[in-house]
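Source file structure_0.csv; content: CSV, C-alpha atoms and all ligand atoms.
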chain,number,residue,atom,x,y,z
F,566,MET,CA,85.7,330.2,208.5
F,567,GLU,CA,88.0,327.7,210.2
F,568,LYS,CA,88.2,326.9,213.9
F,569,ILE,CA,91.8,327.5,214.9
F,570,VAL,CA,93.7,326.6,218.0
F,571,SER,CA,97.2,327.5,219.0
F,572,GLY,CA,99.2,327.2,222.1
F,573,ILE,CA,101.9,329.6,223.2
F,574,ARG,CA,104.7,328.5,225.5
F,575,PRO,CA,105.4,331.0,228.3
F,576,THR,CA,109.1,331.3,227.6
F,577,GLY,CA,111.0,334.5,227.4
F,578,ASN,CA,110.2,337.8,225.7
F,579,LEU,CA,109.1,338.3,222.2
F,580,HIS,CA,111.6,339.4,219.6
F,581,LEU,CA,111.2,340.7,216.1
F,582,GLY,CA,111.6,337.2,214.7
F,583,ASN,CA,108.7,336.0,216.8
F,584,TYR,CA,106.7,339.0,215.7
F,585,PHE,CA,107.1,338.5,212.0
F,586,GLY,CA,107.3,334.7,212.1
F,587,ALA,CA,104.3,334.0,214.3
F,588,VAL,CA,102.5,336.8,216.0
F,589,LYS,CA,101.7,338.7,212.8
F,590,ASN,CA,100.1,335.6,211.4
F,591,PHE,CA,97.9,335.3,214.5
F,592,LEU,CA,96.8,338.9,214.0
F,593,ARG,CA,95.7,338.0,210.5
F,594,LEU,CA,94.0,334.8,211.6
F,595,GLN,CA,91.9,336.5,214.3
F,596,GLU,CA,90.4,338.8,211.7
F,597,GLU,CA,89.2,335.9,209.5
F,598,HIS,CA,88.6,332.9,211.7
F,599,ASN,CA,87.3,331.6,215.0
F,600,CYS,CA,90.5,331.5,217.0
F,601,TYR,CA,91.4,330.1,220.3
F,602,PHE,CA,94.9,331.1,221.6
F,603,PHE,CA,96.0,329.9,224.9
F,604,ILE,CA,99.1,330.1,227.1
F,605,ALA,CA,100.4,326.6,227.6
F,606,ASP,CA,101.3,326.7,231.3
F,607,TYR,CA,100.6,323.0,232.0
F,608,HIS,CA,103.0,322.1,229.2
F,609,SER,CA,105.8,324.2,230.8
F,610,LEU,CA,105.8,321.9,233.8
F,611,THR,CA,107.2,319.1,231.6
F,612,THR,CA,110.5,320.9,231.5
F,613,HIS,CA,110.2,323.3,234.5
F,614,PRO,CA,108.5,321.3,237.3
F,615,THR,CA,109.0,324.0,239.9
F,616,PRO,CA,108.7,327.2,238.0
F,617,GLY,CA,109.0,329.9,240.7
F,618,ASP,CA,108.1,332.6,238.4
F,619,LEU,CA,105.4,330.9,236.3
F,620,THR,CA,102.9,333.7,237.0
F,621,GLU,CA,105.3,336.3,236.0
F,622,SER,CA,106.2,334.4,232.7
F,623,VAL,CA,102.5,334.0,231.9
F,624,LYS,CA,101.8,337.7,232.5
F,625,ASN,CA,104.7,338.6,230.3
F,626,VAL,CA,103.5,336.5,227.4
F,627,LEU,CA,99.9,337.8,227.7
F,628,VAL,CA,101.0,341.4,227.9
F,629,GLU,CA,103.3,341.1,224.9
F,630,TYR,CA,100.8,339.4,222.7
F,631,LEU,CA,98.1,341.9,223.6
F,632,ALA,CA,100.6,344.7,223.0
F,633,CYS,CA,101.2,343.4,219.5
F,634,GLY,CA,97.5,343.5,218.8
F,635,LEU,CA,96.0,340.2,219.7
F,636,ASP,CA,92.4,341.2,220.5
F,637,PRO,CA,90.3,339.4,223.1
F,638,GLU,CA,87.2,340.7,221.3
F,639,LYS,CA,88.2,338.9,218.1
F,640,ALA,CA,89.9,335.8,219.5
F,641,THR,CA,89.4,333.7,222.6
F,642,ILE,CA,92.6,334.2,224.7
F,643,TYR,CA,92.9,332.0,227.7
F,644,LEU,CA,95.2,330.3,230.2
F,645,GLN,CA,95.4,326.5,229.6
F,646,SER,CA,95.2,325.7,233.4
F,647,ASP,CA,92.0,327.8,233.7
F,648,VAL,CA,90.2,325.3,231.5
F,649,GLN,CA,90.6,322.1,233.6
F,650,GLU,CA,88.5,320.1,231.2
F,651,VAL,CA,91.6,319.7,229.1
F,652,ALA,CA,93.2,317.7,231.9
F,653,GLU,CA,90.3,315.2,231.7
F,654,LEU,CA,90.5,314.9,228.0
F,655,TYR,CA,94.2,314.3,228.3
F,656,LEU,CA,93.6,311.5,230.8
F,657,LEU,CA,91.1,309.8,228.5
F,658,LEU,CA,93.3,310.2,225.4
F,659,ASN,CA,96.2,308.8,227.3
F,660,MET,CA,94.4,305.4,227.4
F,661,ASN,CA,94.6,305.3,223.6
F,662,ALA,CA,98.2,306.5,223.3
F,663,TYR,CA,100.9,303.9,223.0
F,664,MET,CA,104.2,303.9,224.8
F,665,GLY,CA,106.1,302.9,221.6
F,666,GLU,CA,104.7,305.7,219.5
F,667,LEU,CA,105.3,308.3,222.2
F,668,GLN,CA,108.9,307.2,222.7
F,669,ARG,CA,109.6,307.7,219.0
F,670,VAL,CA,108.6,311.3,219.0
F,671,ALA,CA,111.6,313.5,218.1
F,672,SER,CA,110.9,316.2,220.6
F,673,PHE,CA,110.7,313.6,223.4
F,674,LYS,CA,114.0,312.1,222.4
F,675,GLU,CA,115.6,315.5,222.3
F,676,LYS,CA,114.2,316.6,225.7
F,677,ALA,CA,115.2,313.3,227.3
F,678,ARG,CA,118.7,313.9,226.1
F,679,LYS,CA,118.7,317.4,227.5
F,680,GLN,CA,117.2,316.5,230.9
F,681,PRO,CA,118.3,312.9,231.7
F,682,GLN,CA,117.6,313.5,235.4
F,683,ASN,CA,113.9,314.3,234.7
F,684,ILE,CA,112.5,312.1,232.0
F,685,ASN,CA,109.0,312.4,233.4
F,686,ALA,CA,105.7,310.9,232.1
F,687,GLY,CA,104.5,314.4,231.3
F,688,LEU,CA,107.4,314.8,228.9
F,689,LEU,CA,106.5,311.5,227.3
F,690,THR,CA,102.8,312.4,226.9
F,691,TYR,CA,103.4,316.0,225.8
F,692,PRO,CA,101.8,315.2,222.4
F,693,VAL,CA,98.7,313.8,224.1
F,694,LEU,CA,98.2,317.0,226.1
F,695,MET,CA,98.7,319.0,222.9
F,696,ALA,CA,96.1,316.8,221.1
F,697,ALA,CA,93.7,317.4,224.0
F,698,ASP,CA,94.2,321.2,223.6
F,699,ILE,CA,93.3,320.9,219.9
F,700,LEU,CA,90.5,318.3,220.1
F,701,LEU,CA,88.8,320.0,223.0
F,702,HIS,CA,87.7,322.7,220.5
F,703,HIS,CA,87.3,320.4,217.5
F,704,ALA,CA,89.8,322.6,215.7
F,705,SER,CA,90.1,322.3,212.0
F,706,LYS,CA,93.4,324.1,211.6
F,707,VAL,CA,96.5,324.6,213.7
F,708,PRO,CA,99.0,327.2,212.9
F,709,VAL,CA,102.3,325.6,213.8
F,710,GLY,CA,105.8,325.6,212.4
F,711,GLN,CA,107.9,322.7,211.1
F,712,ASP,CA,109.0,321.7,214.6
F,713,GLN,CA,105.4,320.9,215.6
F,714,GLN,CA,104.4,318.9,212.6
F,715,GLN,CA,105.0,315.5,214.2
F,716,HIS,CA,102.9,316.5,217.2
F,717,LEU,CA,100.1,317.5,214.9
F,718,GLU,CA,100.4,314.2,213.1
F,719,MET,CA,99.9,312.5,216.4
F,720,THR,CA,96.8,314.6,217.2
F,721,ARG,CA,95.4,313.2,213.9
F,722,THR,CA,96.3,309.7,214.9
F,723,PHE,CA,94.6,310.0,218.3
F,724,ALA,CA,91.5,311.6,216.8
F,725,ARG,CA,91.2,308.8,214.2
F,726,ARG,CA,91.9,306.1,216.8
F,727,PHE,CA,89.2,307.5,219.1
F,728,ASN,CA,86.7,307.5,216.3
F,729,ASN,CA,87.6,303.9,215.2
F,730,MET,CA,87.7,302.6,218.8
F,731,TYR,CA,84.2,303.9,219.7
F,732,LYS,CA,82.8,303.6,216.1
F,733,VAL,CA,81.9,307.3,215.9
F,734,ASP,CA,82.7,310.2,213.7
F,735,TYR,CA,83.4,312.6,216.5
F,736,PHE,CA,86.8,314.2,216.4
F,737,PRO,CA,87.8,316.0,213.2
F,738,GLU,CA,91.4,315.5,212.1
F,739,PRO,CA,93.0,318.9,212.3
F,740,GLU,CA,95.4,320.1,209.6
F,741,ALA,CA,98.4,322.5,209.7
F,742,TYR,CA,97.5,326.0,208.8
F,743,ASN,CA,99.6,326.8,205.8
F,744,PHE,CA,100.9,330.4,205.8
F,745,GLY,CA,102.4,330.1,202.3
F,746,ASP,CA,104.3,333.3,201.5
F,747,ASN,CA,103.5,334.8,204.8
F,748,LEU,CA,106.2,333.0,206.7
F,749,ILE,CA,109.2,335.3,206.9
F,750,LYS,CA,112.5,334.2,208.5
F,751,VAL,CA,113.9,337.2,210.3
F,752,PRO,CA,117.7,337.3,210.4
F,753,GLY,CA,119.5,338.1,213.6
F,754,LEU,CA,122.2,340.6,214.4
F,755,ASP,CA,125.1,338.2,214.9
F,756,GLY,CA,125.3,337.0,211.3
F,757,SER,CA,124.0,333.5,212.2
F,758,GLY,CA,121.0,333.9,209.8
F,759,LYS,CA,118.1,333.7,212.2
F,760,MET,CA,117.0,336.0,215.0
F,761,GLY,CA,116.6,334.0,218.2
F,762,LYS,CA,117.2,334.1,221.9
F,763,SER,CA,120.9,333.7,222.6
F,764,GLU,CA,123.1,333.6,225.7
F,765,THR,CA,124.2,337.2,225.3
F,766,GLY,CA,120.8,338.4,224.1
F,767,ASN,CA,122.6,340.4,221.4
F,768,ASN,CA,121.3,338.5,218.4
F,769,ALA,CA,117.7,339.5,218.9
F,770,ILE,CA,115.8,342.8,219.1
F,771,PHE,CA,113.2,342.3,221.9
F,772,LEU,CA,109.9,344.2,221.8
F,773,SER,CA,110.1,345.1,225.5
F,774,GLU,CA,113.7,346.2,225.8
F,775,ASP,CA,115.0,349.7,226.4
F,776,LEU,CA,115.2,351.5,223.0
F,777,LYS,CA,118.7,352.8,223.7
F,778,LYS,CA,119.8,349.2,224.1
F,779,THR,CA,118.1,348.3,220.8
F,780,ARG,CA,120.0,351.1,219.0
F,781,LYS,CA,123.3,350.0,220.5
F,782,LYS,CA,122.7,346.3,219.5
F,783,ILE,CA,121.9,347.4,215.9
F,784,MET,CA,125.0,349.6,215.7
F,785,ARG,CA,127.1,346.6,216.8
F,786,ALA,CA,125.5,344.2,214.3
F,787,VAL,CA,128.1,342.0,212.4
F,788,THR,CA,129.2,343.3,209.0
F,789,ASP,CA,132.3,342.9,206.8
F,790,ALA,CA,135.1,345.1,205.5
F,791,GLY,CA,132.8,346.4,202.6
F,792,PRO,CA,132.6,345.7,198.9
F,793,THR,CA,135.7,346.0,196.7
F,794,GLN,CA,134.1,345.5,193.3
F,795,LYS,CA,131.0,347.2,191.8
F,796,ASN,CA,127.9,345.0,191.8
F,797,GLN,CA,129.5,342.2,193.7
F,798,GLU,CA,127.4,339.6,195.3
F,799,LYS,CA,126.7,340.3,199.0
F,800,PRO,CA,128.1,337.9,201.5
F,801,GLU,CA,125.6,336.3,203.9
F,802,VAL,CA,126.0,338.7,206.8
F,803,ILE,CA,125.4,341.6,204.6
F,804,GLN,CA,122.4,339.9,202.9
F,805,ASN,CA,121.0,339.4,206.4
F,806,LEU,CA,121.3,343.1,207.2
F,807,PHE,CA,119.5,344.0,204.0
F,808,LYS,CA,116.8,341.5,204.7
F,809,LEU,CA,116.2,342.9,208.1
F,810,MET,CA,116.0,346.4,206.6
F,811,SER,CA,113.6,345.2,204.0
F,812,ILE,CA,111.3,344.0,206.8
F,813,VAL,CA,111.1,347.3,208.7
F,814,SER,CA,112.2,350.1,206.3
F,815,SER,CA,110.6,351.6,203.2
F,816,LYS,CA,111.4,350.3,199.7
F,817,ASP,CA,113.2,353.5,198.9
F,818,THR,CA,115.5,353.2,201.8
F,819,VAL,CA,116.5,349.7,200.9
F,820,GLU,CA,117.1,350.7,197.3
F,821,TYR,CA,119.2,353.6,198.4
F,822,PHE,CA,121.6,351.4,200.4
F,823,ASP,CA,121.6,348.7,197.8
F,824,GLU,CA,122.8,351.3,195.2
F,825,GLN,CA,125.4,352.5,197.7
F,826,TYR,CA,126.6,348.9,198.1
F,827,ASN,CA,126.7,348.3,194.3
F,828,GLU,CA,128.7,351.5,193.9
F,829,CYS,CA,131.1,350.5,196.7
F,830,LYS,CA,130.2,353.6,198.5
F,831,ILE,CA,128.3,352.1,201.4
F,832,ARG,CA,129.0,353.1,204.9
F,833,TYR,CA,127.6,350.4,207.2
F,834,GLY,CA,127.5,352.9,210.1
F,835,ASP,CA,125.0,355.0,208.2
F,836,MET,CA,123.0,352.0,207.1
F,837,LYS,CA,122.8,350.7,210.7
F,838,LYS,CA,121.8,354.1,212.0
F,839,GLN,CA,118.9,354.2,209.5
F,840,LEU,CA,118.0,350.6,210.4
F,841,ALA,CA,117.9,351.5,214.1
F,842,GLU,CA,115.6,354.5,213.3
F,843,ASP,CA,113.2,352.3,211.4
F,844,VAL,CA,113.2,349.4,213.9
F,845,ILE,CA,112.6,351.9,216.7
F,846,ARG,CA,109.7,353.5,214.8
F,847,PHE,CA,108.2,350.1,214.5
F,848,VAL,CA,108.8,348.8,218.1
F,849,GLU,CA,108.1,352.0,220.0
F,850,PRO,CA,104.3,351.9,220.0
F,851,ILE,CA,104.4,348.2,220.9
F,852,LYS,CA,106.7,348.9,223.8
F,853,GLN,CA,104.5,351.6,225.0
F,854,ASN,CA,101.6,349.2,225.0
F,855,ILE,CA,103.7,346.7,226.9
F,856,ASP,CA,104.6,349.2,229.6
F,857,GLU,CA,101.0,350.2,230.0
F,858,LEU,CA,99.5,346.8,230.0
F,859,HIS,CA,101.9,345.6,232.6
F,860,LYS,CA,100.4,348.1,235.0
F,861,ASN,CA,96.8,347.2,234.2
F,862,GLU,CA,96.4,343.9,236.0
F,863,GLU,CA,92.6,344.3,236.3
F,864,TYR,CA,92.3,344.3,232.6
F,865,LEU,CA,94.6,341.3,232.2
F,866,ASN,CA,92.6,339.3,234.7
F,867,LYS,CA,89.4,340.2,232.8
F,868,VAL,CA,90.9,339.0,229.5
F,869,PHE,CA,91.7,335.6,231.1
F,870,GLU,CA,88.3,335.4,232.8
F,871,GLN,CA,86.4,336.1,229.7
F,872,GLY,CA,88.7,333.8,227.6
F,873,ALA,CA,88.2,330.9,230.1
F,874,GLU,CA,84.5,331.4,230.1
F,875,ARG,CA,84.3,331.1,226.3
F,876,ALA,CA,86.8,328.2,226.1
F,877,LYS,CA,84.8,326.3,228.7
F,878,GLU,CA,81.7,326.5,226.6
F,879,ASN,CA,83.4,324.2,224.0
F,880,ALA,CA,85.3,322.3,226.6
F,881,GLY,CA,82.4,321.4,228.8
F,882,LYS,CA,80.4,320.2,225.8
F,883,THR,CA,83.3,318.1,224.5
F,884,ILE,CA,83.8,316.4,227.9
F,885,ARG,CA,80.1,315.6,228.3
F,886,GLN,CA,80.0,314.1,224.8
F,887,VAL,CA,83.3,312.1,225.2
F,888,ARG,CA,82.1,310.7,228.5
F,889,GLU,CA,78.9,309.6,226.9
F,890,ILE,CA,80.7,308.1,223.9
F,891,ILE,CA,83.1,306.1,226.0
F,892,GLY,CA,80.3,304.9,228.2
F,893,PHE,CA,80.5,306.8,231.5
F,894,LYS,CA,77.2,307.1,233.2
F,895,ASN,CA,76.4,309.4,236.0
F,896,LYS,CA,73.5,307.3,237.3
F,897,PHE,CA,72.5,303.6,237.4
K,901,LIG,P1,113.4,331.3,219.7
K,901,LIG,O1,114.1,330.8,218.5
K,901,LIG,O2,113.9,332.7,220.0
K,901,LIG,O3,113.6,330.4,220.9
K,901,LIG,P2,110.8,330.3,219.6
K,901,LIG,O4,111.4,329.0,219.2
K,901,LIG,O5,110.2,330.5,221.0
K,901,LIG,O6,111.9,331.4,219.4
K,901,LIG,O7,109.8,330.7,218.5
K,901,LIG,C1,108.4,331.0,218.7
K,901,LIG,C2,107.8,331.2,217.3
K,901,LIG,O8,108.4,332.3,216.6
K,901,LIG,C3,107.8,330.0,216.4
K,901,LIG,O9,106.6,330.0,215.7
K,901,LIG,C4,109.0,330.3,215.4
K,901,LIG,O10,108.8,329.8,214.2
K,901,LIG,C5,108.9,331.9,215.4
K,901,LIG,N1,110.3,332.4,215.2
K,901,LIG,C6,111.3,332.4,216.1
K,901,LIG,N2,112.4,333.0,215.5
K,901,LIG,C7,112.0,333.4,214.3
K,901,LIG,C8,112.8,334.1,213.2
K,901,LIG,N3,114.0,334.5,213.4
K,901,LIG,N4,112.1,334.3,212.1
K,901,LIG,C9,110.8,333.9,211.9
K,901,LIG,N5,110.1,333.3,212.9
K,901,LIG,C10,110.7,333.0,214.0
K,902,LIG,N1,103.9,322.5,221.5
K,902,LIG,C1,103.7,323.9,221.1
K,902,LIG,C2,105.0,324.6,221.0
K,902,LIG,O1,106.0,324.1,221.5
K,902,LIG,C3,102.8,324.6,222.0
K,902,LIG,C4,101.4,324.0,222.0
K,902,LIG,C5,100.8,323.3,223.1
K,902,LIG,C6,100.4,324.0,221.0
K,902,LIG,N2,99.6,323.0,222.8
K,902,LIG,C7,99.3,323.3,221.5
K,902,LIG,C8,100.4,324.5,219.7
K,902,LIG,C9,98.2,323.2,220.7
K,902,LIG,C10,99.3,324.4,218.9
K,902,LIG,C11,98.2,323.7,219.4
K,902,LIG,O2,105.1,325.6,220.4

Can the structure in the file be given as structure tokens, please?
Amino acid sequence: MEKIVSGIRPTGNLHLGNYFGAVKNFLRLQEEHNCYFFIADYHSLTTHPTPGDLTESVKNVLVEYLACGLDPEKATIYLQSDVQEVAELYLLLNMNAYMGELQRVASFKEKARKQPQNINAGLLTYPVLMAADILLHHASKVPVGQDQQQHLEMTRTFARRFNNMYKVDYFPEPEAYNFGDNLIKVPGLDGSGKMGKSETGNNAIFLSEDLKKTRKKIMRAVTDAGPTQKNQEKPEVIQNLFKLMSIVSSKDTVEYFDEQYNECKIRYGDMKKQLAEDVIRFVEPIKQNIDELHKNEEYLNKVFEQGAERAKENAGKTIRQVREIIGFKNKF
């Protein structure tokens, strides 16, 4: 059994891409491992220093993950800022994090380019806070995508440096959790190849959106003029539509439309209608959960309270030990 930590940024609503790319793997992990999932609200201040609606964003994220099946009885689910011990570990790790290495981090350079008017110290030390999140629990594995590999590498560096500096074997060096074949890339509706948040919102199918809207978006998904030769290779936009179908529909359904395509008899309208039915069948129960959970604030508060309590057990112990290792004494 691994000890697993992952942070969730409180940004936007979940779409099917997030579900099959990340959330579904969390659901699997919580069955088999000792998981700590937290909402990274401290982190969000690095890009949104005065987030008027932070509470609302945090609530949204919590509701949507719970609606998908994240289970507070199986995993520890908490709010980062409820466990203030992480801020002390962040402070202490900052003393062993060097300006040069932080400035070379790709995500820092990208954010600095994007917000030249707000290149704050929190942005620079983002990887240190992330290391604190992970090391606070002595996690062995961290389920993160390619874009977070460099941050995880820095966590290992900070852990190793701490151990060397104080001549202890205290922090384990966490590794990326490798999902292998379980990492699916979900295509979007605009033909761009990947489902993601877009300006119009029409590329993604959101779990919380009105189902009529979902149907409409799918019916408007990008296609082409149709095949002209039997068994011709599918262009990318059509491949994407089939891929999406293979994720939510039965094998028979996909095979049926595949055959229609190969026979040049396909009617994309019919295919999209079927796709919409199958997407809605999948999304509807999750959406119902979302609507109900939103109303149940008492339960949501309980989830965070219980999560913080459990997270603090590790956190308190780590902070006490780290203080002792570094040499802080409470008394003369
Ligand atoms: P977005 O691209 O909509 O901004 P995020 O970057 O917030 O989504 O992604 C959060 C998580 O969901 C990441 O782990 C990411 O790998 C995963 N994810 C996002 N879009 C997809 C997709 N189309 N297919 C698979 N996984 C995805
Ligand atoms: N940086 C991660 C992201 O952008 C979120 C995150 C914060 C995180 N702390 C973490 C992920 C600790 C894993 C472990 O998605």

(request) For range 580-584 of chain F, list every protein, DNA or RNA residue within 9 Å, evaluated using all atoms listed in the file, and leave out those in the same chain fewer than 3 positions away; present the list as a count of residues only. (result) 20

(request) Give the answer as one residue: which of F:Thr620, F:Thr576, F:Asn685, F:Gln794 has the shortest atom-to-atom distance to ligand LIG 901 (chain K), using all atoms listed in the file? (result)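 Closest to ligand LIG 901 (chain K), using all atoms listed in the file: F:Thr576.
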
(request) Compute the set of protein, DNA and RNA residues whose minimum atom distance to ligand LIG 902 (chain K) is at most 10 Å, using only C-alpha atoms and all ligand atoms, and state it as an MDAnalysis selection string. (result) chainID F and resid 569:576 601:609 645 672 691:700 704 706:710 712:714 716:717 720 741

(message) From the options F:Leu809, F:Leu865, F:Ile783, F:Leu627, which residue's atoms come nearest to ligand LIG 901 (chain K), counting all atoms listed in the file?
(response) F:Leu809

(request) Select, from F:Glu889, F:Asp755, F:Asp636, F:Asp856, the residue with the minimum atom-to-atom distance to ligand LIG 901 (chain K), counting all atoms listed in the file. (result) F:Asp755

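Of note, CA of Leu754 in chain F and CA of Val787 in chain F are spaced 6.4 Å apart.
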
(request) Using only C-alpha atoms, determine which residues lie at most 8 Å from Arg721 in chain F, disregarding the query and same-chain residues fewer than 4 positions distant; provide the list as an MDAnalysis selection string. (result) chainID F and resid 717 725 738:739

(message) Please report the interatomic distance between CA of Gly756 in chain F and CA of Asn768 in chain F in Å with one decimal.
(response)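 These two atoms are separated by 8.3 Å.
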
(request) Measuring atom to atom with only C-alpha atoms and all ligand atoms, identify which of F:Ser811, F:Thr793, F:Gln711, F:Thr612 is nearest to ligand LIG 901 (chain K). (result) F:Gln711

(request) Find the residues around Glu874 in chain F up to 12 Å (all atoms listed in the file counted), leave out those fewer than 6 positions away in its own chain, and share them as an MDAnalysis selection string. (result) chainID F and resid 641:645 647:649 867:868 880:881

(request) Choose the residue, out of F:Thr779, F:Val819, F:Asp746, F:Asn879, that has the smallest atom-to-atom separation from Arg846 in chain F; count all atoms listed in the file. (result)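 Nearest to Arg846 in chain F: F:Thr779.
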
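In this model, the gap between CA of Arg885 in chain F and CA of Asn729 in chain F comes to 19.1 Å.
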
(message) Calculated over all atoms listed in the file, which of the candidates F:Glu842, F:Glu666, F:Glu675, F:Glu764 has the smallest distance to ligand LIG 901 (chain K)?
(response)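 Counting all atoms listed in the file, the residue closest to ligand LIG 901 (chain K) is F:Glu764.
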
(request) Fewer than 2 positions away in the same chain doesn't count, so skip those; otherwise give me all residues within 8 Å of Lys837 in chain F, counting only C-alpha atoms, as a PyMOL selection string. (result) chain F and resi 783-784+786+833-835+839-841

Would you put the residues from that selection into a file with C-alpha atoms, as a PDB file, in the coordinates of the input?
ATOM      1  CA  ILE F 783     121.900 347.400 215.900  1.00  0.00           C
ATOM      2  CA  MET F 784     125.000 349.600 215.700  1.00  0.00           C
ATOM      3  CA  ALA F 786     125.500 344.200 214.300  1.00  0.00           C
ATOM      4  CA  TYR F 833     127.600 350.400 207.200  1.00  0.00           C
ATOM      5  CA  GLY F 834     127.500 352.900 210.100  1.00  0.00           C
ATOM      6  CA  ASP F 835     125.000 355.000 208.200  1.00  0.00           C
ATOM      7  CA  GLN F 839     118.900 354.200 209.500  1.00  0.00           C
ATOM      8  CA  LEU F 840     118.000 350.600 210.400  1.00  0.00           C
ATOM      9  CA  ALA F 841     117.900 351.500 214.100  1.00  0.00           C
TER      10      ALA F 841
END

(message) Can you pull out the residues contacting range 829-832 of chain F? Cut-off 8 Å, using all atoms listed in the file, and skip same-chain residues under 3 positions away; I want them as a list in words.
(response) Gly791, Pro792, Thr793, Gln794, Lys795, Phe822, Gln825, Tyr826, Asp835 and Met836 of chain F

Writer output for current selection, C-alpha atoms, as a PDB file, in the frame of the given file:
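out.pdb was written with the following content:
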ATOM      1  CA  GLY F 791     132.800 346.400 202.600  1.00  0.00           C
ATOM      2  CA  PRO F 792     132.600 345.700 198.900  1.00  0.00           C
ATOM      3  CA  THR F 793     135.700 346.000 196.700  1.00  0.00           C
ATOM      4  CA  GLN F 794     134.100 345.500 193.300  1.00  0.00           C
ATOM      5  CA  LYS F 795     131.000 347.200 191.800  1.00  0.00           C
ATOM      6  CA  PHE F 822     121.600 351.400 200.400  1.00  0.00           C
ATOM      7  CA  GLN F 825     125.400 352.500 197.700  1.00  0.00           C
ATOM      8  CA  TYR F 826     126.600 348.900 198.100  1.00  0.00           C
ATOM      9  CA  ASP F 835     125.000 355.000 208.200  1.00  0.00           C
ATOM     10  CA  MET F 836     123.000 352.000 207.100  1.00  0.00           C
TER      11      MET F 836
END
